[in-house]
$ cat query_36.txt   # compact mmCIF, C-alpha atoms
# COMPACT_ATOMS: atom_id res chain seq x y z
CA MET A 1 -39.22 -108.46 -26.59
CA GLU A 2 -42.70 -108.37 -28.13
CA ASN A 3 -44.58 -105.08 -28.20
CA PHE A 4 -48.01 -106.64 -28.41
CA LYS A 5 -49.09 -110.17 -27.65
CA VAL A 6 -52.57 -111.68 -27.71
CA ALA A 7 -54.06 -114.61 -25.86
CA GLN A 8 -57.35 -116.46 -25.67
CA SER A 9 -58.83 -119.02 -23.31
CA GLU A 10 -62.00 -121.01 -23.71
CA LEU A 11 -61.77 -122.54 -20.24
CA THR A 12 -65.11 -121.88 -18.57
CA ASP A 13 -63.77 -121.56 -15.03
CA SER A 14 -62.69 -117.95 -14.52
CA VAL A 15 -59.66 -118.81 -12.34
CA ALA A 16 -58.39 -121.36 -14.85
CA ALA A 17 -59.10 -119.06 -17.80
CA VAL A 18 -57.17 -116.17 -16.25
CA LYS A 19 -54.29 -118.48 -15.31
CA SER A 20 -54.09 -119.58 -18.94
CA ILE A 21 -54.14 -115.96 -20.16
CA ARG A 22 -51.40 -115.09 -17.67
CA GLU A 23 -49.20 -117.92 -18.90
CA GLN A 24 -49.72 -117.03 -22.55
CA LEU A 25 -48.76 -113.39 -21.93
CA SER A 26 -45.90 -114.01 -19.51
CA THR A 27 -43.18 -112.92 -21.94
CA VAL A 28 -44.38 -109.33 -22.25
CA ASP A 29 -43.21 -106.53 -19.94
CA ALA A 30 -46.65 -104.96 -20.05
CA CYS A 31 -48.09 -101.61 -19.04
CA MET A 32 -51.66 -102.70 -19.81
CA ILE A 33 -53.71 -105.80 -20.42
CA LEU A 34 -56.76 -105.02 -22.53
CA TYR A 35 -59.28 -107.85 -22.38
CA PHE A 36 -62.75 -108.78 -23.48
CA ALA A 37 -64.64 -111.47 -21.61
CA SER A 38 -67.79 -113.43 -22.22
CA PRO A 39 -70.63 -112.85 -19.75
CA ILE A 40 -70.36 -116.54 -18.80
CA TYR A 41 -67.64 -115.42 -16.37
CA PRO A 42 -68.86 -113.70 -13.21
CA ALA A 43 -67.93 -110.06 -13.81
CA ALA A 44 -66.59 -109.20 -10.37
CA ALA A 45 -64.58 -112.41 -10.23
CA ILE A 46 -62.98 -112.09 -13.67
CA SER A 47 -61.97 -108.48 -13.02
CA LYS A 48 -60.46 -109.39 -9.66
CA GLU A 49 -58.70 -112.45 -11.07
CA MET A 50 -57.21 -110.46 -13.94
CA ALA A 51 -55.95 -107.70 -11.64
CA GLY A 52 -54.49 -110.30 -9.31
CA ALA A 53 -52.79 -112.20 -12.12
CA PHE A 54 -51.28 -109.04 -13.57
CA ALA A 55 -50.34 -107.20 -10.39
CA GLY A 56 -48.91 -103.74 -11.01
CA ILE A 57 -50.26 -103.65 -14.56
CA HIS A 58 -53.45 -101.90 -15.64
CA THR A 59 -56.16 -104.41 -16.54
CA VAL A 60 -59.03 -102.93 -18.54
CA GLY A 61 -61.87 -104.43 -20.51
CA CYS A 62 -65.53 -105.29 -20.77
CA THR A 63 -68.09 -108.01 -21.34
CA THR A 64 -69.03 -108.95 -24.88
CA ALA A 65 -71.52 -110.45 -27.29
CA GLY A 66 -68.66 -112.52 -28.72
CA GLU A 67 -64.89 -112.36 -28.72
CA MET A 68 -62.23 -112.26 -31.41
CA GLY A 69 -58.88 -113.65 -30.43
CA PRO A 70 -55.82 -114.90 -32.25
CA GLY A 71 -57.27 -116.30 -35.47
CA LYS A 72 -60.56 -117.23 -33.88
CA MET A 73 -63.99 -115.73 -33.36
CA GLY A 74 -66.74 -117.04 -31.17
CA GLN A 75 -68.38 -116.84 -27.79
CA ASP A 76 -67.74 -117.99 -24.24
CA SER A 77 -64.06 -117.15 -24.06
CA ILE A 78 -61.74 -114.45 -22.81
CA VAL A 79 -59.34 -112.66 -25.14
CA ALA A 80 -56.53 -110.39 -24.01
CA MET A 81 -53.83 -108.19 -25.46
CA ALA A 82 -50.67 -107.31 -23.57
CA TRP A 83 -49.29 -103.86 -24.42
CA SER A 84 -45.60 -103.65 -23.64
CA LYS A 85 -44.24 -100.60 -21.86
CA ALA A 86 -42.59 -99.59 -25.12
CA THR A 87 -45.90 -99.18 -26.94
CA LEU A 88 -47.24 -96.19 -25.03
CA LYS A 89 -45.45 -93.04 -23.91
CA ASP A 90 -48.40 -92.26 -21.70
CA LEU A 91 -51.58 -93.95 -20.54
CA LYS A 92 -54.29 -92.49 -18.37
CA ILE A 93 -57.50 -94.24 -17.40
CA GLU A 94 -60.69 -92.79 -15.99
CA VAL A 95 -63.87 -94.57 -14.95
CA LEU A 96 -67.11 -92.64 -15.44
CA GLU A 97 -69.75 -93.84 -12.99
CA ASN A 98 -73.49 -93.19 -12.87
CA ILE A 99 -73.49 -92.12 -16.50
CA GLN A 100 -77.29 -92.31 -16.71
CA THR A 101 -77.64 -89.43 -14.25
CA ASP A 102 -74.29 -87.65 -14.15
CA THR A 103 -74.26 -85.33 -17.16
CA GLU A 104 -70.87 -83.98 -16.10
CA ALA A 105 -69.14 -87.38 -16.03
CA VAL A 106 -67.04 -86.71 -19.14
CA ALA A 107 -66.08 -83.21 -17.97
CA LYS A 108 -64.97 -84.58 -14.60
CA ALA A 109 -62.86 -87.29 -16.24
CA PHE A 110 -61.30 -84.72 -18.55
CA LYS A 111 -60.45 -82.47 -15.59
CA SER A 112 -58.61 -85.39 -14.08
CA PHE A 113 -56.75 -86.03 -17.37
CA GLU A 114 -55.86 -82.35 -17.57
CA LYS A 115 -54.49 -82.34 -14.04
CA LEU A 116 -52.26 -85.29 -14.88
CA LEU A 117 -51.21 -83.95 -18.28
CA GLY A 118 -50.81 -80.35 -17.21
CA LYS A 119 -52.59 -79.13 -20.34
CA PRO A 120 -56.19 -78.73 -21.51
CA MET A 121 -57.84 -81.59 -23.39
CA LYS A 122 -59.09 -78.97 -25.84
CA HIS A 123 -55.55 -78.35 -27.04
CA LEU A 124 -54.25 -81.93 -27.14
CA ASP A 125 -52.86 -82.87 -30.53
CA PRO A 126 -55.09 -85.59 -32.06
CA ALA A 127 -52.12 -86.84 -34.07
CA GLN A 128 -50.24 -87.51 -30.84
CA TYR A 129 -52.99 -88.82 -28.56
CA ALA A 130 -55.65 -91.47 -29.09
CA GLY A 131 -58.63 -92.25 -26.94
CA MET A 132 -60.46 -95.50 -26.32
CA VAL A 133 -63.91 -95.70 -24.80
CA MET A 134 -65.97 -98.63 -23.55
CA ILE A 135 -69.52 -98.02 -22.37
CA ASP A 136 -72.18 -100.05 -20.57
CA GLY A 137 -74.09 -101.30 -23.61
CA LEU A 138 -77.43 -101.23 -21.83
CA SER A 139 -77.09 -97.72 -20.43
CA GLY A 140 -78.57 -95.93 -23.43
CA CYS A 141 -76.03 -93.16 -22.80
CA GLU A 142 -73.77 -93.64 -25.78
CA GLU A 143 -75.05 -90.72 -27.87
CA ASN A 144 -74.65 -88.18 -25.09
CA LEU A 145 -71.33 -89.53 -23.99
CA ASN A 146 -69.83 -89.48 -27.48
CA ASP A 147 -71.25 -86.02 -28.05
CA ARG A 148 -69.58 -84.73 -24.88
CA LEU A 149 -66.26 -86.31 -25.83
CA GLY A 150 -66.31 -84.55 -29.19
CA ASN A 151 -67.34 -81.24 -27.65
CA LEU A 152 -64.41 -81.15 -25.28
CA THR A 153 -61.52 -82.44 -27.39
CA ASN A 154 -60.42 -83.21 -30.94
CA VAL A 155 -58.65 -86.37 -29.76
CA PRO A 156 -60.68 -89.20 -31.29
CA PHE A 157 -62.17 -91.71 -28.88
CA VAL A 158 -62.88 -95.06 -30.53
CA GLY A 159 -64.47 -98.03 -28.88
CA GLY A 160 -67.63 -99.90 -28.29
CA SER A 161 -70.51 -100.72 -26.04
CA ALA A 162 -70.13 -103.76 -23.81
CA GLY A 163 -72.35 -106.73 -24.62
CA ASP A 164 -73.80 -109.76 -22.87
CA ASN A 165 -74.27 -112.42 -25.58
CA CYS A 166 -77.48 -110.67 -26.71
CA MET A 167 -79.26 -111.52 -23.44
CA PHE A 168 -79.70 -107.77 -22.71
CA ARG A 169 -79.54 -108.23 -18.93
CA ARG A 170 -76.27 -106.72 -17.70
CA THR A 171 -73.09 -105.50 -19.32
CA CYS A 172 -69.92 -104.61 -17.43
CA LEU A 173 -66.69 -102.68 -17.68
CA PHE A 174 -63.56 -103.94 -15.96
CA VAL A 175 -60.88 -101.65 -14.56
CA ASP A 176 -58.04 -102.72 -12.30
CA GLY A 177 -59.92 -105.34 -10.34
CA ARG A 178 -63.36 -103.80 -10.22
CA ALA A 179 -66.43 -104.39 -12.39
CA TYR A 180 -68.80 -101.55 -13.22
CA SER A 181 -72.25 -101.13 -14.77
CA ASN A 182 -73.99 -97.82 -15.56
CA ALA A 183 -70.46 -96.71 -16.33
CA ALA A 184 -67.89 -96.06 -19.03
CA VAL A 185 -64.13 -96.21 -19.13
CA LEU A 186 -61.89 -93.78 -20.99
CA LEU A 187 -58.31 -94.53 -21.96
CA LEU A 188 -56.16 -91.63 -23.06
CA MET A 189 -53.06 -92.96 -24.78
CA GLU A 190 -49.96 -91.56 -26.37
CA PRO A 191 -48.86 -94.36 -28.70
CA THR A 192 -45.11 -94.41 -29.15
CA LYS A 193 -45.23 -94.87 -32.92
CA GLY A 194 -48.59 -93.32 -33.71
CA TYR A 195 -51.90 -94.81 -34.63
CA ALA A 196 -54.69 -94.89 -37.19
CA ILE A 197 -58.42 -95.46 -37.03
CA LEU A 198 -60.50 -97.48 -39.46
CA LYS A 199 -64.27 -97.42 -39.57
CA THR A 200 -65.57 -99.87 -42.12
CA GLN A 201 -69.09 -100.93 -42.97
CA SER A 202 -70.39 -103.14 -45.72
CA PHE A 203 -73.13 -101.10 -47.28
CA ILE A 204 -73.64 -98.91 -50.27
CA THR A 205 -75.92 -95.90 -50.29
CA THR A 206 -78.98 -95.67 -52.55
CA ASP A 207 -81.11 -92.78 -53.78
CA GLN A 208 -84.01 -93.80 -51.51
CA LYS A 209 -84.55 -91.43 -48.60
CA LEU A 210 -86.60 -91.49 -45.44
CA THR A 211 -86.89 -88.45 -43.20
CA PRO A 212 -88.04 -88.93 -39.60
CA THR A 213 -90.82 -86.43 -39.00
CA LYS A 214 -91.80 -87.60 -35.52
CA VAL A 215 -89.34 -89.23 -33.14
CA ASP A 216 -88.86 -90.20 -29.53
CA GLU A 217 -85.12 -89.58 -29.50
CA LYS A 218 -84.54 -90.85 -25.99
CA ARG A 219 -86.15 -94.19 -26.86
CA ARG A 220 -84.35 -94.24 -30.24
CA MET A 221 -87.76 -94.54 -31.83
CA VAL A 222 -89.09 -93.20 -35.12
CA ILE A 223 -92.84 -92.75 -34.95
CA GLU A 224 -93.24 -91.25 -38.43
CA PHE A 225 -91.17 -91.15 -41.59
CA ASN A 226 -92.10 -88.65 -44.29
CA GLY A 227 -95.26 -87.74 -42.34
CA LYS A 228 -96.57 -91.32 -42.38
CA PRO A 229 -96.53 -94.12 -39.78
CA ALA A 230 -92.93 -95.28 -39.72
CA THR A 231 -93.51 -98.92 -40.69
CA GLU A 232 -95.75 -97.93 -43.60
CA ALA A 233 -93.25 -95.46 -45.05
CA TYR A 234 -90.34 -97.86 -44.44
CA ALA A 235 -92.08 -100.77 -46.21
CA ASN A 236 -93.27 -98.55 -49.05
CA ILE A 237 -89.85 -97.18 -49.90
CA LEU A 238 -88.35 -100.68 -49.84
CA GLY A 239 -91.18 -101.99 -52.00
CA ILE A 240 -92.00 -104.79 -49.57
CA SER A 241 -94.99 -105.71 -47.45
CA MET A 242 -95.28 -104.70 -43.82
CA ASP A 243 -95.07 -108.42 -42.93
CA ASP A 244 -91.77 -108.76 -44.80
CA LEU A 245 -90.45 -105.65 -43.09
CA ALA A 246 -91.35 -107.08 -39.69
CA LYS A 247 -89.78 -110.47 -40.50
CA ASN A 248 -86.56 -109.15 -42.00
CA LEU A 249 -86.21 -105.75 -40.34
CA GLY A 250 -82.52 -106.23 -39.57
CA GLU A 251 -81.72 -106.50 -43.28
CA TYR A 252 -82.77 -102.93 -43.97
CA PRO A 253 -80.57 -100.48 -42.09
CA LEU A 254 -80.56 -96.79 -42.88
CA GLY A 255 -77.60 -94.44 -43.18
CA LEU A 256 -76.94 -90.93 -41.98
CA VAL A 257 -74.93 -89.83 -44.96
CA PHE A 258 -72.29 -87.12 -45.00
CA ASP A 259 -70.93 -88.16 -48.36
CA GLU A 260 -70.46 -91.35 -50.38
CA HIS A 261 -67.49 -92.41 -48.23
CA ASN A 262 -68.61 -91.13 -44.87
CA PHE A 263 -71.88 -92.37 -43.49
CA PHE A 264 -73.16 -93.71 -40.22
CA VAL A 265 -75.39 -96.77 -40.10
CA ARG A 266 -78.62 -96.64 -38.12
CA SER A 267 -79.77 -100.23 -37.57
CA PRO A 268 -83.41 -101.01 -36.84
CA MET A 269 -83.95 -103.15 -33.74
CA LYS A 270 -87.68 -103.82 -33.58
CA ILE A 271 -91.14 -102.65 -34.49
CA GLU A 272 -93.46 -101.34 -31.79
CA GLY A 273 -96.95 -100.80 -33.17
CA THR A 274 -96.30 -98.67 -36.25
CA SER A 275 -93.06 -97.22 -34.85
CA VAL A 276 -89.53 -98.45 -35.48
CA VAL A 277 -86.95 -98.63 -32.70
CA PHE A 278 -83.30 -98.30 -33.70
CA TYR A 279 -80.06 -99.34 -31.98
CA CYS A 280 -78.98 -95.70 -31.93
CA SER A 281 -80.94 -92.51 -31.92
CA VAL A 282 -82.09 -90.66 -35.01
CA LYS A 283 -83.06 -87.02 -35.07
CA ASP A 284 -86.23 -85.34 -36.21
CA GLY A 285 -85.89 -83.97 -39.73
CA GLN A 286 -82.53 -85.58 -40.41
CA GLU A 287 -82.66 -87.30 -43.79
CA LEU A 288 -81.68 -90.99 -43.80
CA THR A 289 -80.72 -93.10 -46.79
CA VAL A 290 -81.67 -96.69 -47.50
CA LEU A 291 -78.56 -98.87 -47.58
CA ARG A 292 -77.86 -102.01 -49.57
CA PRO A 293 -75.64 -104.69 -48.02
CA GLY A 294 -72.22 -105.73 -49.26
CA ASP A 295 -69.84 -108.52 -48.25
CA ILE A 296 -68.40 -107.98 -44.77
CA VAL A 297 -65.33 -110.16 -45.26
CA VAL A 298 -64.37 -108.72 -48.63
CA ASP A 299 -64.99 -105.09 -47.62
CA THR A 300 -63.20 -105.39 -44.28
CA ARG A 301 -60.22 -107.12 -45.87
CA ASN A 302 -59.94 -104.45 -48.57
CA ASP A 303 -60.37 -101.50 -46.21
CA LEU A 304 -57.87 -102.90 -43.74
CA ALA A 305 -55.31 -103.61 -46.44
CA GLU A 306 -55.66 -100.05 -47.73
CA ILE A 307 -55.13 -98.38 -44.36
CA GLU A 308 -52.28 -100.71 -43.45
CA GLN A 309 -50.58 -99.73 -46.67
CA GLN A 310 -51.09 -96.05 -45.88
CA CYS A 311 -49.57 -96.65 -42.43
CA GLY A 312 -46.67 -98.66 -43.78
CA GLY A 313 -47.80 -101.61 -41.66
CA VAL A 314 -49.27 -101.83 -38.17
CA GLN A 315 -48.15 -103.61 -35.01
CA ALA A 316 -51.54 -104.40 -33.49
CA ILE A 317 -55.28 -103.97 -33.97
CA VAL A 318 -58.19 -103.63 -31.57
CA ASP A 319 -61.45 -104.34 -33.39
CA PHE A 320 -64.82 -103.14 -32.14
CA ASN A 321 -67.14 -105.19 -34.32
CA CYS A 322 -70.89 -104.74 -34.14
CA CYS A 323 -72.76 -107.77 -32.81
CA LEU A 324 -75.11 -107.52 -35.80
CA ARG A 325 -72.12 -108.06 -38.08
CA ALA A 326 -70.98 -110.96 -35.90
CA LEU A 327 -74.46 -112.52 -36.17
CA GLU A 328 -74.40 -112.09 -39.95
CA LEU A 329 -70.92 -113.59 -40.19
CA ASN A 330 -72.09 -116.53 -38.09
CA ARG A 331 -75.23 -116.99 -40.21
CA LYS A 332 -73.11 -117.01 -43.37
CA ASN A 333 -70.50 -119.30 -41.84
CA GLN A 334 -67.86 -116.57 -42.28
CA LEU A 335 -66.54 -116.18 -38.71
CA LYS A 336 -63.31 -117.99 -39.54
CA ALA A 337 -62.83 -116.03 -42.77
CA TYR A 338 -63.35 -112.78 -40.87
CA SER A 339 -60.89 -113.61 -38.10
CA GLU A 340 -58.31 -114.67 -40.68
CA ILE A 341 -58.28 -111.10 -42.01
CA PHE A 342 -56.39 -110.25 -38.83
CA GLY A 343 -54.16 -113.32 -38.86
CA HIS A 344 -50.99 -111.43 -39.76
CA VAL A 345 -50.94 -109.13 -36.73
CA PRO A 346 -51.71 -109.31 -33.00
CA ALA A 347 -55.41 -108.47 -32.86
CA ILE A 348 -58.28 -108.79 -30.45
CA GLY A 349 -61.82 -107.55 -30.58
CA PHE A 350 -65.32 -108.09 -29.42
CA ALA A 351 -68.87 -108.08 -30.70
CA THR A 352 -70.30 -104.80 -29.44
CA TYR A 353 -73.69 -103.29 -28.75
CA GLY A 354 -72.65 -100.34 -30.92
CA GLU A 355 -69.39 -98.67 -31.80
CA SER A 356 -68.06 -95.29 -30.80
CA TYR A 357 -66.38 -93.02 -33.30
CA ILE A 358 -67.54 -89.43 -33.81
CA GLY A 359 -70.83 -90.66 -32.40
CA HIS A 360 -72.66 -93.82 -31.45
CA ILE A 361 -72.87 -95.97 -34.55
CA ASN A 362 -74.04 -99.41 -35.68
CA GLN A 363 -72.98 -102.22 -37.99
CA THR A 364 -69.37 -101.19 -38.39
CA SER A 365 -66.00 -102.53 -37.51
CA THR A 366 -64.26 -99.64 -35.87
CA MET A 367 -60.62 -100.32 -35.25
CA LEU A 368 -57.70 -98.79 -33.46
CA LEU A 369 -54.52 -99.64 -35.34
CA LEU A 370 -51.20 -99.21 -33.54
CA LYS A 371 -48.27 -98.36 -35.78
CA MET B 1 -72.59 -65.90 -47.97
CA ASN B 2 -75.56 -66.10 -45.62
CA THR B 3 -75.26 -65.78 -41.84
CA ILE B 4 -75.65 -69.47 -40.94
CA LYS B 5 -72.92 -70.42 -43.39
CA GLN B 6 -70.63 -67.77 -41.89
CA ILE B 7 -71.31 -69.03 -38.38
CA LEU B 8 -70.82 -72.69 -39.36
CA ASN B 9 -67.57 -71.95 -41.20
CA PHE B 10 -66.28 -70.04 -38.20
CA ILE B 11 -67.17 -72.83 -35.76
CA ILE B 12 -65.45 -75.45 -37.94
CA LYS B 13 -62.26 -73.39 -38.35
CA GLU B 14 -62.05 -72.45 -34.67
CA LYS B 15 -62.73 -75.97 -33.40
CA ALA B 16 -60.20 -77.44 -35.87
CA GLN B 17 -57.52 -75.06 -34.54
CA GLY B 18 -55.85 -74.80 -37.92
CA ASN B 19 -55.82 -78.55 -38.54
CA THR B 20 -57.50 -79.01 -41.91
CA PHE B 21 -57.62 -82.80 -41.43
CA GLN B 22 -59.82 -82.22 -38.38
CA GLU B 23 -62.30 -80.11 -40.30
CA LEU B 24 -64.01 -83.11 -41.88
CA ASN B 25 -64.37 -84.83 -38.50
CA ILE B 26 -65.83 -81.68 -37.01
CA GLN B 27 -68.29 -81.33 -39.86
CA MET B 28 -69.43 -84.91 -39.21
CA ARG B 29 -69.70 -84.24 -35.48
CA ILE B 30 -71.95 -81.28 -36.20
CA MET B 31 -74.02 -83.43 -38.57
CA MET B 32 -74.47 -85.91 -35.70
CA LYS B 33 -76.00 -83.07 -33.70
CA GLY B 34 -78.76 -82.82 -36.30
CA ILE B 35 -77.41 -80.06 -38.53
CA ASN B 36 -77.51 -80.28 -42.34
CA VAL B 37 -73.84 -79.35 -42.60
CA LYS B 38 -73.44 -80.14 -46.28
CA GLY B 39 -76.55 -78.19 -47.19
CA ILE B 40 -75.43 -75.12 -45.26
CA LEU B 41 -71.89 -75.19 -46.64
CA GLU B 42 -73.22 -75.60 -50.17
CA GLY B 43 -75.47 -72.56 -49.64
CA LYS B 44 -78.64 -74.62 -50.05
CA VAL B 45 -80.08 -73.77 -46.63
CA PRO B 46 -81.57 -70.29 -46.16
CA ASP B 47 -81.02 -68.22 -43.04
CA ASP B 48 -83.29 -69.22 -40.21
CA PRO B 49 -83.27 -67.77 -36.67
CA ALA B 50 -83.91 -71.19 -35.08
CA LEU B 51 -80.98 -72.70 -36.96
CA SER B 52 -78.75 -69.74 -36.03
CA GLU B 53 -79.62 -70.34 -32.38
CA LYS B 54 -78.81 -74.04 -32.72
CA LEU B 55 -75.42 -73.17 -34.24
CA LYS B 56 -74.76 -70.74 -31.41
CA GLU B 57 -75.51 -73.53 -28.93
CA ILE B 58 -73.04 -75.77 -30.75
CA ALA B 59 -70.42 -73.01 -30.64
CA LYS B 60 -70.92 -72.86 -26.88
CA GLU B 61 -70.61 -76.64 -26.56
CA PHE B 62 -67.34 -76.49 -28.54
CA ASP B 63 -66.12 -73.54 -26.45
CA VAL B 64 -65.93 -71.43 -29.61
CA ASP B 65 -66.32 -67.72 -28.96
CA LEU B 66 -68.56 -66.30 -31.68
CA GLU B 67 -67.76 -62.77 -30.47
CA LYS B 68 -64.44 -63.18 -32.26
CA MET B 69 -66.28 -63.80 -35.51
CA ALA B 70 -67.54 -60.23 -35.69
CA VAL B 71 -63.93 -59.03 -35.59
CA SER B 72 -62.74 -61.51 -38.19
CA ILE B 73 -65.41 -60.69 -40.80

$ encode --input "query_36.txt" --output "structure tokens"
Amino acid sequence: MENFKVAQSELTDSVAAVKSIREQLSTVDACMILYFASPIYPAAAISKEMAGAFAGIHTVGCTTAGEMGPGKMGQDSIVAMAWSKATLKDLKIEVLENIQTDTEAVAKAFKSFEKLLGKPMKHLDPAQYAGMVMIDGLSGCEENLNDRLGNLTNVPFVGGSAGDNCMFRRTCLFVDGRAYSNAAVLLLMEPTKGYAILKTQSFITTDQKLTPTKVDEKRRMVIEFNGKPATEAYANILGISMDDLAKNLGEYPLGLVFDEHNFFVRSPMKIEGTSVVFYCSVKDGQELTVLRPGDIVVDTRNDLAEIEQQCGGVQAIVDFNCCLRALELNRKNQLKAYSEIFGHVPAIGFATYGESYIGHINQTSTMLLLK
Amino acid sequence: MNTIKQILNFIIKEKAQGNTFQELNIQMRIMMKGINVKGILEGKVPDDPALSEKLKEIAKEFDVDLEKMAVSI
């Protein structure tokens, strides 16, 4: 009996696509189906179809800005991973609704977990338990939500923000037959054979620094860097014109650097006047470092090989891959090469509107690896 | 050792609950909250009442009781 099995369907009709997924996964005695679906499928329908097709099994997932299935990456498909009952000793799922207004949503979910577990989340062993989180990618709540998760437990929650093929209209979470927006879903898991987490990004740090001196944190906007209008300081430090900065803004992300090996990418989204809006918030006075790009395929392959070796092999991988990386891979005709990195193991993933690990981050692949 | 370094060290140790592997993650979590963790731990950041208050807020968020710190010093 297989512990993990993955499936993909590119059928555009949601009923037919789910039927195909069901058939492909029929050999697994599953406790959960984790799935990522293109926004081409009506959200309510796909969630209902999946729950109906896998009656008695948890069905959890979200919409995407692209899907990664068995050996293939692209858009307009549904990918799914069946987790056999042998893979998890325990699985608890909580939906957080109204996350834009309910500041206690995480605390409420944790209370529910604690009731079921009979012990406080604060004292759960992070070596024993793993968390997964998927968040409405248009909610703007990721920073607060990740912050609350880290405040209340040391169990790591990895995941990503749901996407919608970069249309930025509506993103959805799916849980047991229902579809949610303005919501997040938490999975608290006790993997039978343990787990590991990989966060990889293809950048190197430089000596060039920019410090936000005036920000609108809620809007993820930097108004001034180093006491100057943000675009002026940004262009100056890169040694390029303001026009070039505007044209190629996405090529110049910044990093919140802890040390050479641990940094968090802050990707610029757009220019508004002389301000720069990022895909995740930056804080006033917090020094950022200019990053230089590397090769996503080479770096991901190397980092994955290293952690797999440390683990002595893994049984399955869930990859939360930033949509900006997916766009770059597509532009460089490297989608196939990227998906082939995962060819040796059951793996699914999706192109996110930001990844979750320690905080809300950009331009990474953040992976949950099941031993 | 200045006061902010003492407070930060205490928060990290208490939150990590004796798990040294967790200490790095906790340091990065605190950095995400806008604190220059490296600078403080390397003794490069002078004492500052506003920063002390911010660290006390973080202790509260982590459910770390700073009252215990006075006893442990």

$ residues_around --input "query_36.txt" --residues "Met134 of chain A" --least-positions-apart "3" --cutoff "8 Å" --atoms "all atoms listed in the file" --output "number ranges by chain"
A: 61-62, 159-162, 173, 184-186

$ atom_distance --input "query_36.txt" --atom1 "atom CA of Ser281 of chain A" --atom2 "atom CA of Thr101 of chain A"
18.2 Å

$ closest_atom_pairs --input "query_36.txt" --of "chain A" --to "chain B" --cutoff "12 Å" --atoms "only C-alpha atoms" --output "tab-separated table"
residue	atom	partner	partner_atom	distance
A:Ala107	CA	B:Glu61	CA	11.7
A:Met121	CA	B:Asp63	CA	11.9
A:Lys122	CA	B:Asp63	CA	8.9
A:His123	CA	B:Gln17	CA	8.4
A:Leu124	CA	B:Gln17	CA	10.6
A:Asp125	CA	B:Asn19	CA	9.6
A:Pro126	CA	B:Gln22	CA	8.6
A:Ala127	CA	B:Gln22	CA	10.0
A:Glu143	CA	B:Met32	CA	9.2
A:Asn144	CA	B:Lys33	CA	10.1
A:Asn146	CA	B:Arg29	CA	9.6
A:Asp147	CA	B:Arg29	CA	7.8
A:Arg148	CA	B:Glu61	CA	8.3
A:Leu149	CA	B:Phe62	CA	10.2
A:Gly150	CA	B:Arg29	CA	7.2
A:Asn151	CA	B:Phe62	CA	4.8
A:Leu152	CA	B:Phe62	CA	6.4
A:Thr153	CA	B:Phe62	CA	8.4
A:Asn154	CA	B:Gln22	CA	7.5
A:Val155	CA	B:Gln22	CA	9.6
A:Pro156	CA	B:Asn25	CA	9.2
A:Pro212	CA	B:Gly34	CA	11.6
A:Glu217	CA	B:Gly34	CA	11.5
A:Gly255	CA	B:Met32	CA	11.8
A:Leu256	CA	B:Met32	CA	8.4
A:Val257	CA	B:Met31	CA	9.1
A:Phe258	CA	B:Met28	CA	6.8
A:Asp259	CA	B:Lys38	CA	8.7
A:His261	CA	B:Leu24	CA	11.8
A:Asn262	CA	B:Met28	CA	8.4
A:Phe263	CA	B:Met28	CA	8.9
A:Phe264	CA	B:Met32	CA	9.1
A:Val265	CA	B:Met32	CA	11.8
A:Arg266	CA	B:Met32	CA	11.8
A:Cys280	CA	B:Met32	CA	11.4
A:Ser281	CA	B:Met32	CA	10.0
A:Val282	CA	B:Gly34	CA	8.6
A:Lys283	CA	B:Gly34	CA	6.1
A:Asp284	CA	B:Gly34	CA	7.9
A:Gly285	CA	B:Gly34	CA	8.0
A:Gln286	CA	B:Gly34	CA	6.2
A:Glu287	CA	B:Asn36	CA	8.8
A:Leu288	CA	B:Gly34	CA	11.5
A:Tyr357	CA	B:Arg29	CA	9.6
A:Ile358	CA	B:Arg29	CA	5.9
A:Gly359	CA	B:Met32	CA	6.8
A:His360	CA	B:Met32	CA	9.2
A:Ile361	CA	B:Met32	CA	10.3

$ closest_residue --input "query_36.txt" --among "A:Leu245, A:Val215, A:Ile223, A:Ala351" --to "Leu327 of chain A" --atoms "only C-alpha atoms"
A:Ala351

$ residues_near_point --input "query_36.txt" --point "(-72.4, -64.7, -49.4)" --cutoff "12 Å" --atoms "only C-alpha atoms" --output "short mmCIF file (atom, residue, chain, number, x, y, z; two decimals) with C-alpha atoms, keeping the file's coordinate frame"
data_model
loop_
_atom_site.label_atom_id
_atom_site.label_comp_id
_atom_site.auth_asym_id
_atom_site.auth_seq_id
_atom_site.Cartn_x
_atom_site.Cartn_y
_atom_site.Cartn_z
CA MET B 1 -72.59 -65.90 -47.97
CA ASN B 2 -75.56 -66.10 -45.62
CA THR B 3 -75.26 -65.78 -41.84
CA ILE B 4 -75.65 -69.47 -40.94
CA LYS B 5 -72.92 -70.42 -43.39
CA GLN B 6 -70.63 -67.77 -41.89
CA ILE B 7 -71.31 -69.03 -38.38
CA ASN B 9 -67.57 -71.95 -41.20
CA ILE B 40 -75.43 -75.12 -45.26
CA LEU B 41 -71.89 -75.19 -46.64
CA GLU B 42 -73.22 -75.60 -50.17
CA GLY B 43 -75.47 -72.56 -49.64
CA LYS B 44 -78.64 -74.62 -50.05
CA PRO B 46 -81.57 -70.29 -46.16
CA ASP B 47 -81.02 -68.22 -43.04
CA ILE B 73 -65.41 -60.69 -40.80
#

$ closest_residue --input "query_36.txt" --among "A:Lys111, A:Arg325, A:Arg170, A:Lys89" --to "Gly137 of chain A" --atoms "all atoms listed in the file"
A:Arg170

$ residues_around --input "query_36.txt" --residues "Val95 of chain A" --least-positions-apart "2" --cutoff "10 Å" --atoms "all atoms listed in the file" --output "list in words"
Ile93, Glu97, Asn98, Ala105, Val106, Ala109, Val133, Met134, Ile135, Leu173, Phe174, Val175, Tyr180, Ala183, Ala184, Val185, Leu186 and Leu187 of chain A
